[in-house]
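Undergrad: Sending over target.pdb (PDB, C-alpha atoms and all ligand atoms).
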```pdb
ATOM      1  CA  MET A   1       0.000   0.000   0.000
ATOM      2  CA  THR A   2       1.418   3.393  -0.910
ATOM      3  CA  SER A   3       1.312   6.483   1.215
ATOM      4  CA  THR A   4      -1.406   8.002  -0.881
ATOM      5  CA  SER A   5      -3.658   4.974  -1.014
ATOM      6  CA  ARG A   6      -6.830   4.925   0.974
ATOM      7  CA  PRO A   7      -7.623   2.426   3.684
ATOM      8  CA  GLY A   8      -9.168  -0.939   3.043
ATOM      9  CA  ALA A   9     -10.270  -2.450  -0.181
ATOM     10  CA  GLY A  10     -13.724  -0.940  -0.319
ATOM     11  CA  ARG A  11     -15.884  -2.934   2.046
ATOM     12  CA  PRO A  12     -16.760  -1.435   5.412
ATOM     13  CA  GLY A  13     -14.748  -2.867   8.267
ATOM     14  CA  GLU A  14     -12.339  -4.633   5.957
ATOM     15  CA  GLY A  15      -9.270  -2.700   7.164
ATOM     16  CA  ARG A  16      -5.731  -3.077   5.889
ATOM     17  CA  PRO A  17      -4.168  -6.398   5.065
ATOM     18  CA  GLY A  18      -2.544  -7.956   8.130
ATOM     19  CA  GLU A  19      -4.312  -5.634  10.568
ATOM     20  CA  ALA A  20      -7.104  -6.386  13.001
ATOM     21  CA  ASP A  21     -10.588  -5.284  11.945
ATOM     22  CA  PRO A  22     -11.025  -1.560  12.538
ATOM     23  CA  ILE A  23     -13.344  -0.614  15.362
ATOM     24  CA  LEU A  24     -14.616   2.313  13.282
ATOM     25  CA  SER A  25     -14.776   2.233   9.517
ATOM     26  CA  VAL A  26     -16.057   4.846   7.093
ATOM     27  CA  ARG A  27     -16.572   4.135   3.397
ATOM     28  CA  GLY A  28     -17.714   6.395   0.589
ATOM     29  CA  LEU A  29     -19.182   8.885   3.034
ATOM     30  CA  VAL A  30     -20.991  11.878   1.586
ATOM     31  CA  SER A  31     -22.416  14.321   4.109
ATOM     32  CA  GLY A  32     -23.230  17.976   4.579
ATOM     33  CA  TYR A  33     -25.987  20.410   5.416
ATOM     34  CA  ASP A  34     -29.323  21.166   3.749
ATOM     35  CA  GLY A  35     -28.436  19.216   0.639
ATOM     36  CA  SER A  36     -25.080  20.917   0.148
ATOM     37  CA  ARG A  37     -22.154  18.511   0.278
ATOM     38  CA  VAL A  38     -19.226  19.015   2.624
ATOM     39  CA  LEU A  39     -17.746  15.497   2.651
ATOM     40  CA  HIS A  40     -17.030  13.810  -0.662
ATOM     41  CA  ASP A  41     -16.548  10.058  -0.665
ATOM     42  CA  VAL A  42     -14.570   9.830   2.574
ATOM     43  CA  ASP A  43     -12.892   6.539   3.556
ATOM     44  CA  LEU A  44     -11.250   6.131   6.938
ATOM     45  CA  ASP A  45     -10.372   3.338   9.378
ATOM     46  CA  LEU A  46      -9.702   3.564  13.093
ATOM     47  CA  PRO A  47      -7.876   0.414  14.198
ATOM     48  CA  GLU A  48      -8.935  -1.051  17.535
ATOM     49  CA  GLY A  49      -6.812   0.486  20.306
ATOM     50  CA  GLY A  50      -5.347   3.028  17.882
ATOM     51  CA  VAL A  51      -5.220   6.811  17.860
ATOM     52  CA  LEU A  52      -6.036   8.492  14.573
ATOM     53  CA  ALA A  53      -5.361  12.218  14.205
ATOM     54  CA  LEU A  54      -7.651  13.922  11.716
ATOM     55  CA  LEU A  55      -5.957  17.047  10.404
ATOM     56  CA  GLY A  56      -6.732  19.733   7.863
ATOM     57  CA  ARG A  57      -7.141  23.453   7.449
ATOM     58  CA  ASN A  58     -10.183  25.274   8.803
ATOM     59  CA  GLY A  59     -13.406  24.379   7.082
ATOM     60  CA  VAL A  60     -12.269  21.193   5.296
ATOM     61  CA  GLY A  61     -14.968  19.145   7.014
ATOM     62  CA  LYS A  62     -13.309  17.547  10.042
ATOM     63  CA  SER A  63     -16.109  18.420  12.470
ATOM     64  CA  THR A  64     -18.699  17.450   9.886
ATOM     65  CA  LEU A  65     -17.091  14.018   9.683
ATOM     66  CA  VAL A  66     -17.081  13.627  13.465
ATOM     67  CA  SER A  67     -20.684  14.846  13.728
ATOM     68  CA  THR A  68     -21.774  12.456  10.992
ATOM     69  CA  VAL A  69     -20.094   9.511  12.726
ATOM     70  CA  MET A  70     -21.884  10.488  15.951
ATOM     71  CA  GLY A  71     -25.243  10.705  14.177
ATOM     72  CA  LEU A  72     -25.624  14.456  14.686
ATOM     73  CA  VAL A  73     -25.468  15.103  10.937
ATOM     74  CA  ARG A  74     -27.287  12.722   8.619
ATOM     75  CA  PRO A  75     -25.138  11.256   5.836
ATOM     76  CA  MET A  76     -26.332  11.472   2.244
ATOM     77  CA  LYS A  77     -24.450   8.354   1.146
ATOM     78  CA  GLY A  78     -21.939   5.815   2.370
ATOM     79  CA  SER A  79     -21.278   3.487   5.249
ATOM     80  CA  ILE A  80     -20.144   3.929   8.846
ATOM     81  CA  THR A  81     -19.551   0.816  10.912
ATOM     82  CA  VAL A  82     -18.770   0.554  14.610
ATOM     83  CA  ALA A  83     -17.467  -2.859  15.654
ATOM     84  CA  GLY A  84     -18.903  -4.185  12.405
ATOM     85  CA  GLN A  85     -22.406  -2.731  12.902
ATOM     86  CA  GLU A  86     -23.754  -0.296  10.341
ATOM     87  CA  VAL A  87     -24.681   3.020  11.957
ATOM     88  CA  ALA A  88     -24.867   5.473   9.047
ATOM     89  CA  GLY A  89     -28.014   7.513   9.579
ATOM     90  CA  ALA A  90     -28.694   6.075  13.045
ATOM     91  CA  ARG A  91     -29.668   8.335  15.926
ATOM     92  CA  PRO A  92     -26.918   9.614  18.238
ATOM     93  CA  ASP A  93     -28.330   7.715  21.231
ATOM     94  CA  ARG A  94     -28.063   4.402  19.361
ATOM     95  CA  ILE A  95     -24.527   5.236  18.250
ATOM     96  CA  ALA A  96     -23.619   6.129  21.851
ATOM     97  CA  ARG A  97     -25.092   2.811  23.046
ATOM     98  CA  LEU A  98     -22.868   1.017  20.541
ATOM     99  CA  GLY A  99     -19.888   2.611  22.260
ATOM    100  CA  VAL A 100     -19.071   5.902  20.574
ATOM    101  CA  GLY A 101     -18.423   8.891  22.841
ATOM    102  CA  LEU A 102     -17.961  12.484  21.716
ATOM    103  CA  VAL A 103     -16.032  15.339  23.274
ATOM    104  CA  PRO A 104     -17.514  18.109  21.150
ATOM    105  CA  GLN A 105     -15.780  21.164  19.815
ATOM    106  CA  GLY A 106     -16.471  24.048  22.194
ATOM    107  CA  ARG A 107     -17.033  21.628  25.127
ATOM    108  CA  ARG A 108     -20.796  22.294  25.501
ATOM    109  CA  VAL A 109     -20.673  22.777  29.242
ATOM    110  CA  PHE A 110     -23.923  24.132  30.716
ATOM    111  CA  ALA A 111     -23.374  27.361  32.646
ATOM    112  CA  PRO A 112     -25.988  26.870  35.420
ATOM    113  CA  LEU A 113     -25.224  23.207  36.193
ATOM    114  CA  THR A 114     -22.568  22.232  38.694
ATOM    115  CA  LEU A 115     -19.712  19.994  37.681
ATOM    116  CA  ALA A 116     -21.224  17.228  39.847
ATOM    117  CA  GLU A 117     -24.565  17.596  38.056
ATOM    118  CA  HIS A 118     -22.868  17.284  34.669
ATOM    119  CA  LEU A 119     -21.214  14.067  35.817
ATOM    120  CA  ASP A 120     -24.464  12.676  37.279
ATOM    121  CA  ILE A 121     -26.335  13.247  34.031
ATOM    122  CA  ALA A 122     -23.652  11.498  31.961
ATOM    123  CA  ASP A 123     -23.417   8.686  34.491
ATOM    124  CA  ARG A 124     -27.171   8.034  34.461
ATOM    125  CA  ALA A 125     -27.573   8.302  30.692
ATOM    126  CA  GLY A 126     -24.492   6.408  29.555
ATOM    127  CA  ARG A 127     -23.463   2.780  29.215
ATOM    128  CA  LYS A 128     -22.300   1.080  32.368
ATOM    129  CA  GLY A 129     -18.740  -0.160  32.561
ATOM    130  CA  ASP A 130     -15.327   0.342  34.101
ATOM    131  CA  TRP A 131     -15.402   4.122  33.734
ATOM    132  CA  THR A 132     -17.208   5.034  36.936
ATOM    133  CA  LYS A 133     -17.254   8.471  38.556
ATOM    134  CA  ASP A 134     -14.519   7.369  40.961
ATOM    135  CA  ARG A 135     -12.271   6.226  38.132
ATOM    136  CA  VAL A 136     -12.861   9.363  36.088
ATOM    137  CA  LEU A 137     -12.061  11.569  39.092
ATOM    138  CA  GLU A 138      -8.930   9.537  39.720
ATOM    139  CA  LEU A 139      -7.823  10.251  36.149
ATOM    140  CA  LEU A 140      -8.833  13.928  36.368
ATOM    141  CA  PRO A 141      -8.316  14.834  40.057
ATOM    142  CA  ARG A 142      -8.740  18.570  39.533
ATOM    143  CA  LEU A 143     -12.421  17.956  38.783
ATOM    144  CA  GLY A 144     -12.882  16.434  42.249
ATOM    145  CA  GLU A 145     -11.964  19.793  43.789
ATOM    146  CA  ARG A 146     -14.529  21.643  41.699
ATOM    147  CA  LEU A 147     -17.612  19.425  42.035
ATOM    148  CA  LYS A 148     -19.787  22.189  43.481
ATOM    149  CA  ASN A 149     -18.753  24.816  40.955
ATOM    150  CA  ARG A 150     -21.100  25.787  38.156
ATOM    151  CA  GLY A 151     -20.128  25.352  34.535
ATOM    152  CA  ASP A 152     -19.528  29.075  34.115
ATOM    153  CA  GLN A 153     -17.213  29.136  37.143
ATOM    154  CA  LEU A 154     -14.801  26.651  35.579
ATOM    155  CA  SER A 155     -11.682  27.608  33.637
ATOM    156  CA  GLY A 156     -11.377  26.613  29.975
ATOM    157  CA  GLY A 157      -9.098  23.746  30.964
ATOM    158  CA  GLU A 158     -11.508  22.532  33.630
ATOM    159  CA  GLN A 159     -14.385  22.714  31.167
ATOM    160  CA  GLN A 160     -12.387  20.653  28.692
ATOM    161  CA  MET A 161     -11.585  18.034  31.323
ATOM    162  CA  LEU A 162     -15.270  17.988  32.291
ATOM    163  CA  ALA A 163     -16.239  17.417  28.649
ATOM    164  CA  ILE A 164     -13.787  14.513  28.528
ATOM    165  CA  ALA A 165     -15.050  13.139  31.866
ATOM    166  CA  ARG A 166     -18.632  13.266  30.635
ATOM    167  CA  ALA A 167     -17.717  11.267  27.532
ATOM    168  CA  LEU A 168     -15.718   8.701  29.526
ATOM    169  CA  LEU A 169     -18.690   8.107  31.845
ATOM    170  CA  THR A 170     -20.627   6.790  28.865
ATOM    171  CA  ASN A 171     -18.009   4.001  28.662
ATOM    172  CA  PRO A 172     -17.160   4.363  24.992
ATOM    173  CA  THR A 173     -14.979   1.966  23.048
ATOM    174  CA  VAL A 174     -14.397   4.745  20.495
ATOM    175  CA  LEU A 175     -13.723   8.270  21.729
ATOM    176  CA  LEU A 176     -14.121  11.168  19.287
ATOM    177  CA  LEU A 177     -12.303  14.320  20.404
ATOM    178  CA  ASP A 178     -13.019  17.462  18.386
ATOM    179  CA  GLU A 179     -10.280  20.062  18.890
ATOM    180  CA  PRO A 180      -9.744  19.383  22.599
ATOM    181  CA  SER A 181      -6.803  21.795  22.882
ATOM    182  CA  ASP A 182      -8.646  24.772  21.408
ATOM    183  CA  GLY A 183      -7.940  27.867  23.509
ATOM    184  CA  LEU A 184      -6.105  25.998  26.259
ATOM    185  CA  ALA A 185      -2.868  26.927  28.025
ATOM    186  CA  PRO A 186       0.142  24.734  27.138
ATOM    187  CA  SER A 187       0.081  23.004  30.542
ATOM    188  CA  VAL A 188      -3.515  21.921  29.970
ATOM    189  CA  VAL A 189      -2.664  20.753  26.441
ATOM    190  CA  HIS A 190      -0.148  18.387  28.056
ATOM    191  CA  GLN A 191      -2.895  17.054  30.304
ATOM    192  CA  VAL A 192      -5.090  16.376  27.286
ATOM    193  CA  ALA A 193      -2.240  14.355  25.759
ATOM    194  CA  ASP A 194      -1.796  12.430  29.018
ATOM    195  CA  VAL A 195      -5.514  11.614  29.116
ATOM    196  CA  VAL A 196      -5.442  10.317  25.541
ATOM    197  CA  HIS A 197      -2.491   8.067  26.423
ATOM    198  CA  GLU A 198      -4.271   6.816  29.539
ATOM    199  CA  VAL A 199      -7.546   5.959  27.838
ATOM    200  CA  CYS A 200      -5.659   4.191  25.037
ATOM    201  CA  ASN A 201      -3.723   2.170  27.569
ATOM    202  CA  ALA A 202      -7.107   1.208  28.966
ATOM    203  CA  GLY A 203      -8.076  -0.166  25.545
ATOM    204  CA  MET A 204     -10.067   2.698  24.046
ATOM    205  CA  SER A 205      -9.684   3.748  20.404
ATOM    206  CA  VAL A 206      -9.442   7.473  19.732
ATOM    207  CA  LEU A 207     -10.143   9.730  16.783
ATOM    208  CA  ILE A 208      -8.820  13.210  17.502
ATOM    209  CA  VAL A 209      -9.403  16.318  15.406
ATOM    210  CA  GLU A 210      -6.654  18.761  16.264
ATOM    211  CA  GLN A 211      -5.123  22.010  15.022
ATOM    212  CA  ASN A 212      -2.256  21.665  17.483
ATOM    213  CA  LEU A 213       0.111  19.569  15.393
ATOM    214  CA  ARG A 214       2.474  18.874  18.266
ATOM    215  CA  LEU A 215      -0.346  17.440  20.384
ATOM    216  CA  ALA A 216      -1.777  15.459  17.465
ATOM    217  CA  LEU A 217       1.577  13.885  16.593
ATOM    218  CA  SER A 218       2.398  13.131  20.228
ATOM    219  CA  VAL A 219      -0.658  10.915  20.608
ATOM    220  CA  ALA A 220      -1.417   9.559  17.123
ATOM    221  CA  ASP A 221      -0.192   6.395  15.516
ATOM    222  CA  ARG A 222      -1.873   7.270  12.224
ATOM    223  CA  VAL A 223      -2.660  10.593  10.543
ATOM    224  CA  VAL A 224      -5.415  11.411   8.085
ATOM    225  CA  VAL A 225      -5.273  14.773   6.330
ATOM    226  CA  MET A 226      -8.378  16.198   4.715
ATOM    227  CA  GLN A 227      -8.652  18.850   2.022
ATOM    228  CA  LYS A 228     -11.916  20.216   0.622
ATOM    229  CA  GLY A 229     -14.050  17.497   2.204
ATOM    230  CA  ALA A 230     -11.911  14.583   1.013
ATOM    231  CA  VAL A 231      -9.117  12.474   2.464
ATOM    232  CA  ARG A 232      -5.847  13.448   0.767
ATOM    233  CA  TRP A 233      -3.295  11.590   2.889
ATOM    234  CA  ASP A 234      -3.696   8.618   5.215
ATOM    235  CA  VAL A 235      -0.390   7.432   6.668
ATOM    236  CA  PRO A 236       1.340   6.125   9.800
ATOM    237  CA  VAL A 237       2.562   8.984  11.966
ATOM    238  CA  ASP A 238       6.232   8.259  11.169
ATOM    239  CA  GLU A 239       5.573   8.649   7.457
ATOM    240  CA  PHE A 240       3.771  11.922   8.109
ATOM    241  CA  ARG A 241       6.779  13.190  10.079
ATOM    242  CA  ARG A 242       9.173  12.198   7.289
ATOM    243  CA  ASP A 243       7.387  14.159   4.564
ATOM    244  CA  ARG A 244       7.439  17.643   6.024
ATOM    245  CA  ALA A 245       6.958  19.273   2.611
ATOM    246  CA  LYS A 246       3.740  17.385   1.966
ATOM    247  CA  ALA A 247       2.451  18.112   5.468
ATOM    248  CA  GLU A 248       3.158  21.811   4.966
ATOM    249  CA  GLU A 249       1.496  21.841   1.570
ATOM    250  CA  LEU A 250      -1.678  20.136   2.806
ATOM    251  CA  LEU A 251      -1.944  21.955   6.118
ATOM    252  CA  GLY A 252      -0.675  25.352   5.040
ATOM    253  CA  ILE A 253       1.882  25.524   7.858
TER     254      ILE A 253
HETATM  255  N1  LIG B 301     -24.280  23.467  11.004
HETATM  256  C1  LIG B 301     -23.835  23.818   9.782
HETATM  257  N2  LIG B 301     -24.685  24.254   8.838
HETATM  258  C2  LIG B 301     -24.241  24.595   7.591
HETATM  259  N3  LIG B 301     -22.943  24.533   7.219
HETATM  260  C3  LIG B 301     -22.049  24.105   8.132
HETATM  261  C4  LIG B 301     -22.434  23.734   9.453
HETATM  262  N4  LIG B 301     -21.327  23.347  10.130
HETATM  263  C5  LIG B 301     -20.287  23.483   9.267
HETATM  264  N5  LIG B 301     -20.723  23.945   8.062
HETATM  265  C6  LIG B 301     -19.893  24.199   6.883
HETATM  266  O1  LIG B 301     -19.271  22.981   6.519
HETATM  267  C7  LIG B 301     -17.928  23.212   6.084
HETATM  268  C8  LIG B 301     -16.988  22.354   6.904
HETATM  269  O2  LIG B 301     -17.024  22.796   8.252
HETATM  270  P1  LIG B 301     -16.412  21.940   9.428
HETATM  271  O3  LIG B 301     -16.738  22.638  10.703
HETATM  272  O4  LIG B 301     -16.817  20.530   9.292
HETATM  273  O5  LIG B 301     -14.843  22.063   9.117
HETATM  274  P2  LIG B 301     -13.603  21.819  10.053
HETATM  275  O6  LIG B 301     -12.573  21.199   9.190
HETATM  276  O7  LIG B 301     -14.003  21.101  11.277
HETATM  277  O8  LIG B 301     -13.155  23.305  10.372
HETATM  278  P3  LIG B 301     -12.714  23.990  11.762
HETATM  279  O9  LIG B 301     -11.330  23.545  11.977
HETATM  280  O10 LIG B 301     -12.815  25.435  11.432
HETATM  281  O11 LIG B 301     -13.684  23.549  12.815
HETATM  282  C9  LIG B 301     -17.685  24.717   6.220
HETATM  283  O12 LIG B 301     -17.889  25.294   4.979
HETATM  284  C10 LIG B 301     -18.748  25.146   7.208
HETATM  285  O13 LIG B 301     -19.128  26.479   6.972
END
```
Go through the file and emit its structure as structure tokens.
Ligand SMILES: Nc1ncnc2c1ncn2[C@@H]1O[C@H](COP(=O)(O)OP(=O)(O)OP(=O)(O)O)[C@@H](O)[C@H]1O
TA:
Amino acid sequence: MTSTSRPGAGRPGEGRPGEADPILSVRGLVSGYDGSRVLHDVDLDLPEGGVLALLGRNGVGKSTLVSTVMGLVRPMKGSITVAGQEVAGARPDRIARLGVGLVPQGRRVFAPLTLAEHLDIADRAGRKGDWTKDRVLELLPRLGERLKNRGDQLSGGEQQMLAIARALLTNPTVLLLDEPSDGLAPSVVHQVADVVHEVCNAGMSVLIVEQNLRLALSVADRVVVMQKGAVRWDVPVDEFRRDRAKAEELLGI
């Protein structure tokens, strides 16, 4: 397979030769808003236990892809499988029950609710599993000190950790992170990287959309670069690092 080839041989969930079946597989995905297309025939595989960084300039369709996988945007065409089950066009609650968790862009923390209330809601609504409130607070101890604080009393970093905690409480097997470092201080960006490493060590698979290239490359084992709603480059992270000129051309850096 060459560096420019796309994953799999066409069938959803087929993956690359010699690799385990991907936990998340996208084939021929067309999606967008009000009939206008943003994604054009997107293919992508997230190997089980892997971290895939989805990169691209502003507006290329990264969030649209994540939202379509989560069921928040309805696809016009194509296939999305999670652990082999077709989910394209399914409702977000069904996709969440199948084990997909989303940390949305902008965090979506509710100003009047306390941190504890946010966690309770996620805990009650989500799948049951190893990620209990105790375990999440062990991973993110700062949140334990802020349980009584309202959403609008939390710093940007605390809000981001809360958004991650909320997703973990739904016990996902696939975690989608949409620009988790956006607007955060460098020390908090490090914490985001640590959390990604920890959840991967615990067996989760992660798809991370990130503008912070250093963060993306520090956690990813594979990189997908999008341009104008299509996948232009899908390579192991080492290959991405080796071809600086191509990375610069595609990302405009
Ligand atoms: N809710 C929406 N309704 C209509 N158009 C949208 C909506 N959300 C995004 N778009 C459009 O879809 C295109 C892709 O946007 P998207 O947010 O997916 O890109 P992105 O790569 O995630 O960019 P960014 O890094 O800026 O978040 C853009 O042209 C954007 O204006």
Undergrad: Between A:Val235, A:Ile208, A:Val225, A:Val66, which residue has the minimum interatomic distance to Leu52 of chain A, considering all atoms listed in the file?
TA: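 Once distances to Leu52 of chain A are computed over all atoms listed in the file, the minimum belongs to A:Ile208.
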Undergrad: List all protein, DNA and RNA residues that have at least one atom no more than 7 Å from any atom of ligand LIG 301 (chain B), counting only C-alpha atoms and all ligand atoms, and write them as a VMD selection string.
TA: chain A and resid 32 to 33 38 56 to 65
Undergrad: I'd like the neighbourhood of Ala116 of chain A as a list in words, where a residue qualifies if any of its atoms comes within 10 Å (using all atoms listed in the file), though same-chain residues fewer than 5 positions away should be ignored.
TA: Ile121, Lys133, Leu143, Gly144, Arg146, Leu147, Lys148, Asn149, Arg150, Gly151 and Leu162 of chain A
Undergrad: Which neighbours of segment 103-110 of chain A fall inside 8 Å, counting only C-alpha atoms, when residues of the same chain fewer than 3 positions from it are skipped, and could you give them as a ChimeraX atom specification?
TA: /A:63,113,118,151-152,159-160,162-164,167,175-180,182
Undergrad: Starting from the displayed file, determine the output of the PyMOL selection byres (((chain A and resi 27) around 6) and not hetatm) and express the residue list as a list of chain:residue names.
TA: A:Pro12, A:Val26, A:Gly28, A:Leu29, A:Asp43, A:Gly78, A:Ser79
